[in-house]
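A.B. asks: Before I ask anything, let me first share the structure, which is written out below as structure tokens.
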Amino acid sequence: MLRFLTTRAGDGILTLAALVTLTFFVMRLAPGGPFSSNRKISPDILANIEATYHLDEPLLQQFLRYVWGVVRFDFGPSIRFRDYSVADILISGLPYSLTIGLWAVLVATVTGVTLGILGALKRNSIIDYSAGVIAVIGIAVPIFVLAPLMQVYFALTLRWLPVGGWGDSWRNLVLPIVALSLPNIAYISRLTRAAMIETLRENYIRTAMAKGIGGRRVVWNHALTGAVLPVVAYLGPATAAIITGSIVIETIFALPGIGRHFVDAALNRDYPLVMGITILYGGFLIVFNTLADILRGWLDPRVRNE
Amino acid sequence: MSDTSLAPIPQSTLSLQMGRFRQNRLAMASIVVLTAIILACFIGPFFFPFTGEDADFDAINLGVDFTSIHLFGTDNFGRDLLVRTLEGGRVSLTIGFLGAVVAAIIGVLYGAISGFIGGRIDRIMMRLVEVLYGFPYVILVILLSLLFGGGNLALFAAIVFTLWLTPAVIVRGQAQSLARREFVEAARAGGMTDGQIIVTHIVPNTLSTVIVYSSLLVPEVILSESFLSFLGIGIKEPQASWGNLIQSGTAAMSTDIRLLLLPAGMLATVLFCLNFIADGLRDAFDPNDR
């Protein structure tokens, strides 16, 4: 276990280092700069501003300076939001993004697994078909179509829920969480259904049934583990999907999270902010991938002994 | 003595699989719908006396009217919504199919080389794939499309760059087991080089899996393209794409939902069809998987 964790930590740091290097140089080599779209600034002033942000140094020196900063958890100042450091922006946005993201993971897993199991146990029933319909919608209708339609219907027509924003009430969270979790509900329910059907055909399930253990206990104690394994393996990609989704969802619902900063920061060439968000997201992805692997090893001895 | 039992007519695996595929009604219906949409997108705009970028300021924000020339009305610049949607479809579909093909080719070659050669080179090549898998994919796409300076080609390159990983991993696994088979040994004994073996023996044998996975790549590429255009990074106005049409549709949705529904409906229909076709292919090529 310890050896596994150290290799994974090593892998994670390697991935993160590659990510930081690639992002840094791709960002810098892209045409344009943080001040290029501004109204005309006199060259002297521009030189002064660039010197403040060390943008006048050779690229390699800037890179080393940045890496040295990151090692000490100093992510530098944001160029666009004056007087704010990247860390300030990330810390202020993180609670909102985390709330939405974690709820979406939870809702997607619970709903997806439930639908998948019910569908597999009662094949070709109404539940099975409606789960199939949800799955098809979730996979084929992108969330940037779904979210505006939900806004029109539930917020503007029915007036049940607010259109967007972050109030004190849970009502603000419903639409973003549903929109963010729907594609994952779709994938997870399909994965669970297929895995459950396959597991129920296994010999050990037949043995358990032959021993006279009731159907419900067989499903709960024996088949469920086999059925959720692919779901656990999907946890990493699901996190990536939620990160992707949160970028649009936070824009559409005007939520003060981190995701909606990313596109702006990239378009405005706010180098330190782009780097900070990239490192944060990369870190999340690595942590969730590792968690998924640990969980899989714990549930499945075949994985553990590999 | 006459032999009454006839030998079964020999049939290739591929024709068996295509036969199974043709029995899947949903998938066949999807092919019909998809073909209709593709034809409409590529031929339809020629039947109108204007293009999607022609603004007609005498006909701003017209509603749906099937008796007029503007079937689904116009946007706030007086540009015809239907023609814009069809022209956007051209871009999305072209990027989708070309992107999937290019990503699949890169992935297949990479995976075949890695799996066939094996050993140290395999470890290094797969390590690179693992590192790239750990990247938040959307961030990479956004940054790459900035690096290539925006525009259709940049978008295309950025999407392909991030989507070849899954085919590479799948093909690598297959190439590994193929590399140990006797016919590969025979080919090597016959004096073929590694490169020749990969091209003539490894790649063709992975093809059925590749077809299934590339069919899943097409909707993924189309989705990425429209996602980026929605965010304003991909295809930019005045050129139409489903992503940026949906974006301007959402901006006006509280007063006029028509602008959102036509491009969104078209995109969703195409994604539905592509997913059903991919499912059908998977069921036909791998009956054990159901």
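In the structure tokens, chains take the letters A, B, ... in the order shown, each chain's residues start at 1, and ligands count up from 1 in the order shown.
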Leu299 in chain A: which residues within 12 Å, counting only C-alpha atoms, same-chain residues fewer than 5 positions away excluded, as a list in words?
C.D. replies: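 What passes the distance filter is His222, Leu224, Thr225, Gly226, Ala227, Val228, Leu229, Pro230, Val231, Val232, Ala233, Ala292, Asp293, Ile294, Arg304 and Asn305 of chain A.
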A.B. asks: Go ahead and write the selection's residues with N, CA, C and O atoms as a PDB file, in the first residue's frame.
C.D. replies:
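And here's part-v8.pdb as it stands now:
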ATOM      1  N   HIS A 222     -23.398  -9.365  -2.649  1.00  0.00           N
ATOM      2  CA  HIS A 222     -22.489 -10.044  -3.566  1.00  0.00           C
ATOM      3  C   HIS A 222     -22.395  -9.369  -4.928  1.00  0.00           C
ATOM      4  O   HIS A 222     -21.301  -9.147  -5.430  1.00  0.00           O
ATOM      5  N   LEU A 224     -23.476  -6.298  -5.894  1.00  0.00           N
ATOM      6  CA  LEU A 224     -23.268  -4.852  -5.933  1.00  0.00           C
ATOM      7  C   LEU A 224     -21.797  -4.495  -6.117  1.00  0.00           C
ATOM      8  O   LEU A 224     -21.451  -3.618  -6.903  1.00  0.00           O
ATOM      9  N   THR A 225     -20.920  -5.193  -5.400  1.00  0.00           N
ATOM     10  CA  THR A 225     -19.483  -4.888  -5.498  1.00  0.00           C
ATOM     11  C   THR A 225     -19.004  -5.013  -6.939  1.00  0.00           C
ATOM     12  O   THR A 225     -18.304  -4.146  -7.449  1.00  0.00           O
ATOM     13  N   GLY A 226     -19.406  -6.117  -7.571  1.00  0.00           N
ATOM     14  CA  GLY A 226     -18.987  -6.308  -8.953  1.00  0.00           C
ATOM     15  C   GLY A 226     -19.556  -5.244  -9.871  1.00  0.00           C
ATOM     16  O   GLY A 226     -18.888  -4.801 -10.805  1.00  0.00           O
ATOM     17  N   ALA A 227     -20.779  -4.795  -9.553  1.00  0.00           N
ATOM     18  CA  ALA A 227     -21.436  -3.848 -10.446  1.00  0.00           C
ATOM     19  C   ALA A 227     -20.865  -2.444 -10.321  1.00  0.00           C
ATOM     20  O   ALA A 227     -20.896  -1.681 -11.280  1.00  0.00           O
ATOM     21  N   VAL A 228     -20.351  -2.072  -9.138  1.00  0.00           N
ATOM     22  CA  VAL A 228     -19.861  -0.697  -9.016  1.00  0.00           C
ATOM     23  C   VAL A 228     -18.392  -0.552  -9.411  1.00  0.00           C
ATOM     24  O   VAL A 228     -17.905   0.569  -9.525  1.00  0.00           O
ATOM     25  N   LEU A 229     -17.701  -1.659  -9.669  1.00  0.00           N
ATOM     26  CA  LEU A 229     -16.281  -1.538 -10.026  1.00  0.00           C
ATOM     27  C   LEU A 229     -16.024  -0.630 -11.233  1.00  0.00           C
ATOM     28  O   LEU A 229     -15.177   0.255 -11.156  1.00  0.00           O
ATOM     29  N   PRO A 230     -16.730  -0.828 -12.345  1.00  0.00           N
ATOM     30  CA  PRO A 230     -16.494   0.080 -13.470  1.00  0.00           C
ATOM     31  C   PRO A 230     -16.832   1.529 -13.124  1.00  0.00           C
ATOM     32  O   PRO A 230     -16.228   2.454 -13.668  1.00  0.00           O
ATOM     33  N   VAL A 231     -17.821   1.716 -12.233  1.00  0.00           N
ATOM     34  CA  VAL A 231     -18.193   3.069 -11.837  1.00  0.00           C
ATOM     35  C   VAL A 231     -17.031   3.730 -11.102  1.00  0.00           C
ATOM     36  O   VAL A 231     -16.704   4.896 -11.330  1.00  0.00           O
ATOM     37  N   VAL A 232     -16.387   2.970 -10.212  1.00  0.00           N
ATOM     38  CA  VAL A 232     -15.242   3.500  -9.473  1.00  0.00           C
ATOM     39  C   VAL A 232     -14.121   3.859 -10.448  1.00  0.00           C
ATOM     40  O   VAL A 232     -13.485   4.907 -10.347  1.00  0.00           O
ATOM     41  N   ALA A 233     -13.924   2.988 -11.450  1.00  0.00           N
ATOM     42  CA  ALA A 233     -12.883   3.273 -12.432  1.00  0.00           C
ATOM     43  C   ALA A 233     -13.213   4.524 -13.227  1.00  0.00           C
ATOM     44  O   ALA A 233     -12.326   5.213 -13.721  1.00  0.00           O
ATOM     45  N   ALA A 292      -9.604   6.818  -6.877  1.00  0.00           N
ATOM     46  CA  ALA A 292     -10.340   5.781  -7.597  1.00  0.00           C
ATOM     47  C   ALA A 292      -9.556   4.477  -7.599  1.00  0.00           C
ATOM     48  O   ALA A 292     -10.122   3.401  -7.393  1.00  0.00           O
ATOM     49  N   ASP A 293      -8.235   4.586  -7.807  1.00  0.00           N
ATOM     50  CA  ASP A 293      -7.412   3.372  -7.827  1.00  0.00           C
ATOM     51  C   ASP A 293      -7.371   2.697  -6.468  1.00  0.00           C
ATOM     52  O   ASP A 293      -7.452   1.470  -6.371  1.00  0.00           O
ATOM     53  N   ILE A 294      -7.253   3.498  -5.404  1.00  0.00           N
ATOM     54  CA  ILE A 294      -7.235   2.924  -4.048  1.00  0.00           C
ATOM     55  C   ILE A 294      -8.550   2.192  -3.775  1.00  0.00           C
ATOM     56  O   ILE A 294      -8.583   1.054  -3.297  1.00  0.00           O
ATOM     57  N   ARG A 304      -5.816  -5.455  -6.631  1.00  0.00           N
ATOM     58  CA  ARG A 304      -4.864  -5.249  -5.541  1.00  0.00           C
ATOM     59  C   ARG A 304      -3.580  -6.047  -5.773  1.00  0.00           C
ATOM     60  O   ARG A 304      -2.485  -5.587  -5.511  1.00  0.00           O
ATOM     61  N   ASN A 305      -3.735  -7.279  -6.283  1.00  0.00           N
ATOM     62  CA  ASN A 305      -2.568  -8.149  -6.409  1.00  0.00           C
ATOM     63  C   ASN A 305      -1.760  -7.901  -7.670  1.00  0.00           C
ATOM     64  O   ASN A 305      -0.739  -8.523  -7.872  1.00  0.00           O
TER      65      ASN A 305
END
A.B. asks: Mind running chain B against chain A at 6 Å and telling me each contacting residue's nearest atom pair with the distance in Å (one decimal), counting only C-alpha atoms, chain and number ascending, as JSON lines?
C.D. replies:
{"residue": "B:Val131", "atom": "CA", "partner": "A:Thr15", "partner_atom": "CA", "distance": 5.0}
{"residue": "B:Phe135", "atom": "CA", "partner": "A:Gly282", "partner_atom": "CA", "distance": 5.9}
{"residue": "B:Pro136", "atom": "CA", "partner": "A:Gly282", "partner_atom": "CA", "distance": 5.8}
{"residue": "B:Val138", "atom": "CA", "partner": "A:Thr244", "partner_atom": "CA", "distance": 5.8}
{"residue": "B:Leu146", "atom": "CA", "partner": "A:Ala30", "partner_atom": "CA", "distance": 5.9}
{"residue": "B:Leu147", "atom": "CA", "partner": "A:Ala30", "partner_atom": "CA", "distance": 4.0}
{"residue": "B:Ala268", "atom": "CA", "partner": "A:Val141", "partner_atom": "CA", "distance": 5.2}
{"residue": "B:Leu271", "atom": "CA", "partner": "A:Ala140", "partner_atom": "CA", "distance": 5.0}
{"residue": "B:Phe272", "atom": "CA", "partner": "A:Ala140", "partner_atom": "CA", "distance": 5.2}
A.B. asks: Find the residues around range 193-199 of chain B up to 10 Å (only C-alpha atoms counted), leave out those fewer than 6 positions away in its own chain, and share them as a PyMOL selection string.
C.D. replies: chain B and resi 109+112-113+115-117+175+179+184-185+187+205
A.B. asks: Grab the CA of Arg296 in chain A to CA of Leu106 in chain A distance for me, in Å with one decimal place.
C.D. replies: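 Going from CA of Arg296 in chain A over to CA of Leu106 in chain A covers 17.5 Å.
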A.B. asks: Got a sec: who's within 10 Å of Ile43 in chain B, counting only C-alpha atoms, leaving out chain neighbours fewer than 3 positions off, as a compact mmCIF listing (two decimals) with C-alpha atoms, in the first residue's frame?
C.D. replies:
# COMPACT_ATOMS: atom_id res chain seq x y z
CA ILE B 37 -28.73 16.23 -42.30
CA ILE B 38 -25.33 15.96 -43.97
CA LEU B 39 -26.88 16.44 -47.42
CA ALA B 40 -28.97 19.37 -46.15
CA PHE B 46 -27.19 26.63 -52.45
CA PHE B 47 -30.97 26.81 -52.82
CA LEU B 86 -26.82 24.57 -42.16
CA GLU B 87 -23.54 26.37 -42.83
CA ARG B 90 -20.86 22.00 -42.53
A.B. asks: Do you know which residues are at most 12 Å from range 47-53 of chain A counting only C-alpha atoms, after dropping those on the same chain fewer than 4 positions away, and could you put them as a list in words?
C.D. replies: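 Those residues are Gly33, Pro34, Phe35, Ser36, Ile41, Ser42, Pro43, Glu57, Pro58, Gln62, Arg65, Tyr66, Gly76, Pro77, Ser78, Ile79, Arg80, Arg82, Asp270, Tyr271 and Pro272 of chain A.
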A.B. asks: Give the alpha helix (DSSP H) residues of range 141-287 of chain B, as assigned by DSSP on the backbone, as a ChimeraX atom specification.
C.D. replies: /B:141-147,151-163,165-178,182-189,194-197,203-230,242-251,258-285
A.B. asks: Would you list the contacts of Ile233 in chain B as an MDAnalysis selection string, taking every protein, DNA or RNA residue within 10 Å and counting only C-alpha atoms, but skipping same-chain residues closer than 3 positions in sequence?
C.D. replies: (chainID A and resid 263 266:267) or (chainID B and resid 141:143 145:146 150:151 155 225:230 236 244)
A.B. asks: Just how far from CA of Pro45 in chain B is CA of Met266 in chain B, in Å to one decimal?
C.D. replies: 15.3 Å
A.B. asks: For Pro263 in chain B, which residue out of B:Gly232, B:Gly88, B:Gly173, B:Gly96 is the nearest one, using only C-alpha atoms?
C.D. replies: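 When distances to Pro263 in chain B are compared using only C-alpha atoms, the smallest one comes from B:Gly88.
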A.B. asks: Excluding Ala131 in chain A and residues on its chain fewer than 6 positions from it, collect all residues at most 8 Å away from it, counting only C-alpha atoms, and give them as a ChimeraX atom specification.
C.D. replies: /A:115-116,119,189
A.B. asks: Rounded to one decimal, what separation in Å do you get between CA of Gly257 in chain A and CA of Tyr96 in chain A?
C.D. replies: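 CA of Tyr96 in chain A lies at a distance of 5.1 Å from CA of Gly257 in chain A.
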